[in-house]
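Have a look at the structure below before the remarks.
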Amino acid sequence: MFTKKYEFTVETHQVIDFVRLLGRIGLKFDMSDERCTVDNLDPAKKFRYRTFNVYGKKNEMVKLFDALNIVVTYHKH
């Protein structure tokens, strides 16, 4: 099994939860500085995010995607 690189874009207010999931699974990652984009139609609307490069094996990534699905489902309700 080879380690593969996956790229994720995470909103700034969700970064701590995402890093906790990565640590719980034991994945290595690189995190970018905070970036910001502005909507052209509404300049007051800003989207702040960070980009993560996550390195892991297939079974580790399956665990991460399962955990992310649980978090997303929880926040929808």
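Chain labels A, B, ... are given in the sequence in which chains occur in the structure tokens; within each chain residues are numbered consecutively from 1, and ligands are likewise numbered from 1 in the order shown.
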Next item on the list: With a distance cut-off of 12 Å and only C-alpha atoms, select the neighbouring residues of stretch 58-71 of chain A, excluding the residue or stretch itself and same-chain residues fewer than 3 positions from it, and output the selection as number ranges by chain.
Entry: A: 1-8, 10, 14, 17-28, 54-55, 74-77
Saved selection, atoms kept: N, CA, C and O atoms, as a short mmCIF file (atom, residue, chain, number, x, y, z; two decimals), in the first residue's frame:
```cif
data_model
loop_
_atom_site.label_atom_id
_atom_site.label_comp_id
_atom_site.auth_asym_id
_atom_site.auth_seq_id
_atom_site.Cartn_x
_atom_site.Cartn_y
_atom_site.Cartn_z
N MET A 1 0.83 -1.18 0.00
CA MET A 1 0.00 0.00 0.00
C MET A 1 0.88 1.25 0.00
O MET A 1 1.79 1.37 0.79
N PHE A 2 0.56 2.13 -0.90
CA PHE A 2 1.31 3.37 -1.01
C PHE A 2 0.49 4.53 -0.42
O PHE A 2 -0.73 4.53 -0.46
N THR A 3 1.20 5.50 0.09
CA THR A 3 0.55 6.69 0.62
C THR A 3 0.21 7.61 -0.55
O THR A 3 1.02 7.81 -1.45
N LYS A 4 -0.99 8.16 -0.53
CA LYS A 4 -1.46 9.02 -1.58
C LYS A 4 -1.80 10.39 -1.00
O LYS A 4 -2.17 10.51 0.16
N LYS A 5 -1.71 11.44 -1.82
CA LYS A 5 -1.99 12.80 -1.38
C LYS A 5 -3.41 13.18 -1.79
O LYS A 5 -3.81 13.01 -2.93
N TYR A 6 -4.17 13.71 -0.83
CA TYR A 6 -5.53 14.18 -1.06
C TYR A 6 -5.59 15.65 -0.66
O TYR A 6 -4.97 16.05 0.32
N GLU A 7 -6.35 16.44 -1.40
CA GLU A 7 -6.47 17.87 -1.10
C GLU A 7 -7.88 18.19 -0.62
O GLU A 7 -8.86 17.76 -1.22
N PHE A 8 -7.96 18.93 0.48
CA PHE A 8 -9.23 19.34 1.06
C PHE A 8 -9.24 20.85 1.24
O PHE A 8 -8.23 21.44 1.58
N VAL A 10 -11.16 23.56 3.58
CA VAL A 10 -11.94 23.58 4.81
C VAL A 10 -12.17 25.03 5.23
O VAL A 10 -11.23 25.83 5.27
N GLN A 14 -14.21 25.54 10.69
CA GLN A 14 -14.24 24.09 10.84
C GLN A 14 -12.85 23.47 10.91
O GLN A 14 -12.72 22.25 11.00
N ASP A 17 -12.00 21.18 14.12
CA ASP A 17 -12.65 19.86 14.08
C ASP A 17 -11.97 18.96 13.05
O ASP A 17 -11.77 17.76 13.29
N PHE A 18 -11.59 19.52 11.91
CA PHE A 18 -10.94 18.72 10.87
C PHE A 18 -9.58 18.22 11.34
O PHE A 18 -9.23 17.06 11.14
N VAL A 19 -8.81 19.08 11.99
CA VAL A 19 -7.48 18.68 12.49
C VAL A 19 -7.62 17.61 13.57
O VAL A 19 -6.82 16.68 13.64
N ARG A 20 -8.63 17.72 14.41
CA ARG A 20 -8.87 16.69 15.43
C ARG A 20 -9.15 15.33 14.79
O ARG A 20 -8.67 14.30 15.27
N LEU A 21 -9.95 15.32 13.71
CA LEU A 21 -10.22 14.07 13.01
C LEU A 21 -8.94 13.49 12.41
O LEU A 21 -8.70 12.28 12.48
N LEU A 22 -8.13 14.35 11.82
CA LEU A 22 -6.86 13.88 11.24
C LEU A 22 -5.95 13.29 12.32
O LEU A 22 -5.32 12.25 12.10
N GLY A 23 -5.90 13.93 13.47
CA GLY A 23 -5.07 13.44 14.57
C GLY A 23 -5.59 12.13 15.14
O GLY A 23 -4.82 11.24 15.49
N ARG A 24 -6.90 12.01 15.24
CA ARG A 24 -7.49 10.78 15.78
C ARG A 24 -7.18 9.58 14.88
O ARG A 24 -6.90 8.49 15.36
N ILE A 25 -7.20 9.81 13.57
CA ILE A 25 -6.91 8.72 12.63
C ILE A 25 -5.41 8.54 12.46
O ILE A 25 -4.96 7.46 12.11
N GLY A 26 -4.63 9.57 12.72
CA GLY A 26 -3.17 9.47 12.62
C GLY A 26 -2.64 9.80 11.24
O GLY A 26 -1.63 9.24 10.82
N LEU A 27 -3.29 10.71 10.56
CA LEU A 27 -2.87 11.09 9.21
C LEU A 27 -1.90 12.27 9.26
O LEU A 27 -2.01 13.15 10.10
N LYS A 28 -0.97 12.27 8.33
CA LYS A 28 -0.04 13.40 8.19
C LYS A 28 -0.66 14.40 7.24
O LYS A 28 -1.37 14.03 6.30
N VAL A 54 -3.49 16.09 2.62
CA VAL A 54 -3.53 14.98 3.57
C VAL A 54 -2.89 13.77 2.90
O VAL A 54 -3.22 13.44 1.76
N TYR A 55 -1.99 13.11 3.63
CA TYR A 55 -1.28 11.95 3.11
C TYR A 55 -1.72 10.72 3.89
O TYR A 55 -1.62 10.69 5.12
N TYR A 74 -24.57 15.20 11.09
CA TYR A 74 -24.91 15.75 12.40
C TYR A 74 -25.24 17.24 12.31
O TYR A 74 -26.19 17.72 12.92
N HIS A 75 -24.46 17.98 11.51
CA HIS A 75 -24.67 19.43 11.42
C HIS A 75 -25.90 19.80 10.59
O HIS A 75 -26.40 20.91 10.69
N LYS A 76 -26.38 18.88 9.76
CA LYS A 76 -27.57 19.17 8.95
C LYS A 76 -28.83 19.15 9.81
O LYS A 76 -29.81 19.79 9.48
N HIS A 77 -28.82 18.41 10.91
CA HIS A 77 -30.04 18.28 11.73
C HIS A 77 -30.11 19.33 12.80
O HIS A 77 -29.40 19.94 13.31
#
```
Check: Excluding same-chain residues fewer than 3 positions from stretch 48-53 of chain A, what lies within 6 Å of it counting only C-alpha atoms, as an MDAnalysis selection string?
Finding: chainID A and resid 6:12 29:32 34:36
Notebook entry, point to check: as number ranges by chain, which residues of chain A does DSSP assign to alpha helix (DSSP H)?
Noted result: A: 15-25, 58-76
Check: Per DSSP on the backbone, what are the strand (DSSP E) residues of stretch 4-39 of chain A, as a PyMOL selection string?
Finding: chain A and resi 4-11+28-31+35-38
For the selection just defined, write its residues with all heavy atoms to a file, as a short mmCIF file (atom, residue, chain, number, x, y, z; two decimals), in the first residue's frame.
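Now in result09.cif:
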```cif
data_model
loop_
_atom_site.label_atom_id
_atom_site.label_comp_id
_atom_site.auth_asym_id
_atom_site.auth_seq_id
_atom_site.Cartn_x
_atom_site.Cartn_y
_atom_site.Cartn_z
N LYS A 4 -0.99 8.16 -0.53
CA LYS A 4 -1.46 9.02 -1.58
C LYS A 4 -1.80 10.39 -1.00
O LYS A 4 -2.17 10.51 0.16
CB LYS A 4 -2.70 8.41 -2.23
CG LYS A 4 -3.13 9.07 -3.50
CD LYS A 4 -4.25 8.29 -4.16
CE LYS A 4 -4.74 9.03 -5.38
NZ LYS A 4 -5.88 8.38 -5.99
N LYS A 5 -1.71 11.44 -1.82
CA LYS A 5 -1.99 12.80 -1.38
C LYS A 5 -3.41 13.18 -1.79
O LYS A 5 -3.81 13.01 -2.93
CB LYS A 5 -1.00 13.75 -2.03
CG LYS A 5 -1.21 15.21 -1.72
CD LYS A 5 -0.12 16.02 -2.38
CE LYS A 5 -0.67 17.27 -2.96
NZ LYS A 5 0.32 18.06 -3.67
N TYR A 6 -4.17 13.71 -0.83
CA TYR A 6 -5.53 14.18 -1.06
C TYR A 6 -5.59 15.65 -0.66
O TYR A 6 -4.97 16.05 0.32
CB TYR A 6 -6.54 13.39 -0.23
CG TYR A 6 -6.59 11.93 -0.57
CD1 TYR A 6 -5.72 11.03 0.04
CD2 TYR A 6 -7.50 11.44 -1.49
CE1 TYR A 6 -5.76 9.68 -0.26
CE2 TYR A 6 -7.55 10.09 -1.80
CZ TYR A 6 -6.69 9.22 -1.18
OH TYR A 6 -6.72 7.89 -1.49
N GLU A 7 -6.35 16.44 -1.40
CA GLU A 7 -6.47 17.87 -1.10
C GLU A 7 -7.88 18.19 -0.62
O GLU A 7 -8.86 17.76 -1.22
CB GLU A 7 -6.14 18.70 -2.34
CG GLU A 7 -6.08 20.18 -2.05
CD GLU A 7 -5.57 20.97 -3.24
OE1 GLU A 7 -4.57 20.56 -3.83
OE2 GLU A 7 -6.20 21.98 -3.55
N PHE A 8 -7.96 18.93 0.48
CA PHE A 8 -9.23 19.34 1.06
C PHE A 8 -9.24 20.85 1.24
O PHE A 8 -8.23 21.44 1.58
CB PHE A 8 -9.44 18.71 2.45
CG PHE A 8 -9.60 17.22 2.43
CD1 PHE A 8 -8.52 16.39 2.54
CD2 PHE A 8 -10.87 16.66 2.32
CE1 PHE A 8 -8.66 15.01 2.53
CE2 PHE A 8 -11.03 15.30 2.31
CZ PHE A 8 -9.93 14.47 2.41
N THR A 9 -10.41 21.46 1.02
CA THR A 9 -10.62 22.87 1.32
C THR A 9 -11.59 22.93 2.49
O THR A 9 -12.70 22.40 2.41
CB THR A 9 -11.20 23.61 0.10
OG1 THR A 9 -10.28 23.47 -0.99
CG2 THR A 9 -11.41 25.07 0.41
N VAL A 10 -11.16 23.56 3.58
CA VAL A 10 -11.94 23.58 4.81
C VAL A 10 -12.17 25.03 5.23
O VAL A 10 -11.23 25.83 5.27
CB VAL A 10 -11.19 22.82 5.94
CG1 VAL A 10 -11.98 22.81 7.22
CG2 VAL A 10 -10.86 21.40 5.50
N GLU A 11 -13.43 25.34 5.55
CA GLU A 11 -13.75 26.68 6.03
C GLU A 11 -13.04 26.93 7.36
O GLU A 11 -12.83 26.01 8.14
CB GLU A 11 -15.25 26.85 6.21
CG GLU A 11 -16.01 26.86 4.90
CD GLU A 11 -17.48 27.12 5.10
OE1 GLU A 11 -17.81 28.05 5.87
OE2 GLU A 11 -18.28 26.40 4.50
N LYS A 28 -0.97 12.27 8.33
CA LYS A 28 -0.04 13.40 8.19
C LYS A 28 -0.66 14.40 7.24
O LYS A 28 -1.37 14.03 6.30
CB LYS A 28 1.29 12.92 7.64
CG LYS A 28 2.02 12.02 8.60
CD LYS A 28 3.36 11.61 8.05
CE LYS A 28 4.04 10.67 9.03
NZ LYS A 28 5.34 10.24 8.56
N PHE A 29 -0.39 15.69 7.47
CA PHE A 29 -0.99 16.72 6.62
C PHE A 29 -0.13 17.96 6.60
O PHE A 29 0.69 18.19 7.47
CB PHE A 29 -2.40 17.07 7.10
CG PHE A 29 -2.45 17.69 8.47
CD1 PHE A 29 -2.42 19.06 8.61
CD2 PHE A 29 -2.53 16.90 9.60
CE1 PHE A 29 -2.47 19.64 9.88
CE2 PHE A 29 -2.59 17.46 10.86
CZ PHE A 29 -2.56 18.84 11.00
N ASP A 30 -0.34 18.76 5.56
CA ASP A 30 0.22 20.11 5.43
C ASP A 30 -0.95 21.06 5.35
O ASP A 30 -1.94 20.78 4.67
CB ASP A 30 1.06 20.25 4.16
CG ASP A 30 2.30 19.37 4.17
OD1 ASP A 30 2.87 19.19 5.25
OD2 ASP A 30 2.68 18.88 3.09
N MET A 31 -0.85 22.20 6.05
CA MET A 31 -1.94 23.16 6.09
C MET A 31 -1.44 24.50 5.54
O MET A 31 -0.36 24.96 5.87
CB MET A 31 -2.41 23.34 7.54
CG MET A 31 -3.53 24.30 7.72
SD MET A 31 -4.16 24.36 9.42
CE MET A 31 -2.73 24.91 10.33
N ARG A 35 -6.85 31.77 3.63
CA ARG A 35 -7.12 32.46 2.37
C ARG A 35 -8.53 33.03 2.41
O ARG A 35 -9.37 32.56 3.15
CB ARG A 35 -6.97 31.51 1.19
CG ARG A 35 -5.57 30.93 1.09
CD ARG A 35 -5.47 29.92 0.01
NE ARG A 35 -4.11 29.36 -0.03
CZ ARG A 35 -3.77 28.32 -0.72
NH1 ARG A 35 -4.67 27.68 -1.44
NH2 ARG A 35 -2.53 27.89 -0.69
N CYS A 36 -8.76 34.01 1.57
CA CYS A 36 -10.07 34.66 1.57
C CYS A 36 -10.48 34.96 0.13
O CYS A 36 -9.67 35.45 -0.66
CB CYS A 36 -10.01 35.96 2.37
SG CYS A 36 -11.57 36.82 2.47
N THR A 37 -11.73 34.64 -0.20
CA THR A 37 -12.29 35.02 -1.50
C THR A 37 -13.52 35.87 -1.24
O THR A 37 -14.20 35.72 -0.24
CB THR A 37 -12.66 33.80 -2.35
OG1 THR A 37 -13.60 33.02 -1.63
CG2 THR A 37 -11.45 32.95 -2.68
N VAL A 38 -13.80 36.74 -2.20
CA VAL A 38 -14.93 37.65 -2.07
C VAL A 38 -15.88 37.41 -3.23
O VAL A 38 -15.46 37.22 -4.37
CB VAL A 38 -14.45 39.13 -2.08
CG1 VAL A 38 -15.62 40.09 -1.98
CG2 VAL A 38 -13.46 39.36 -0.97
#
```
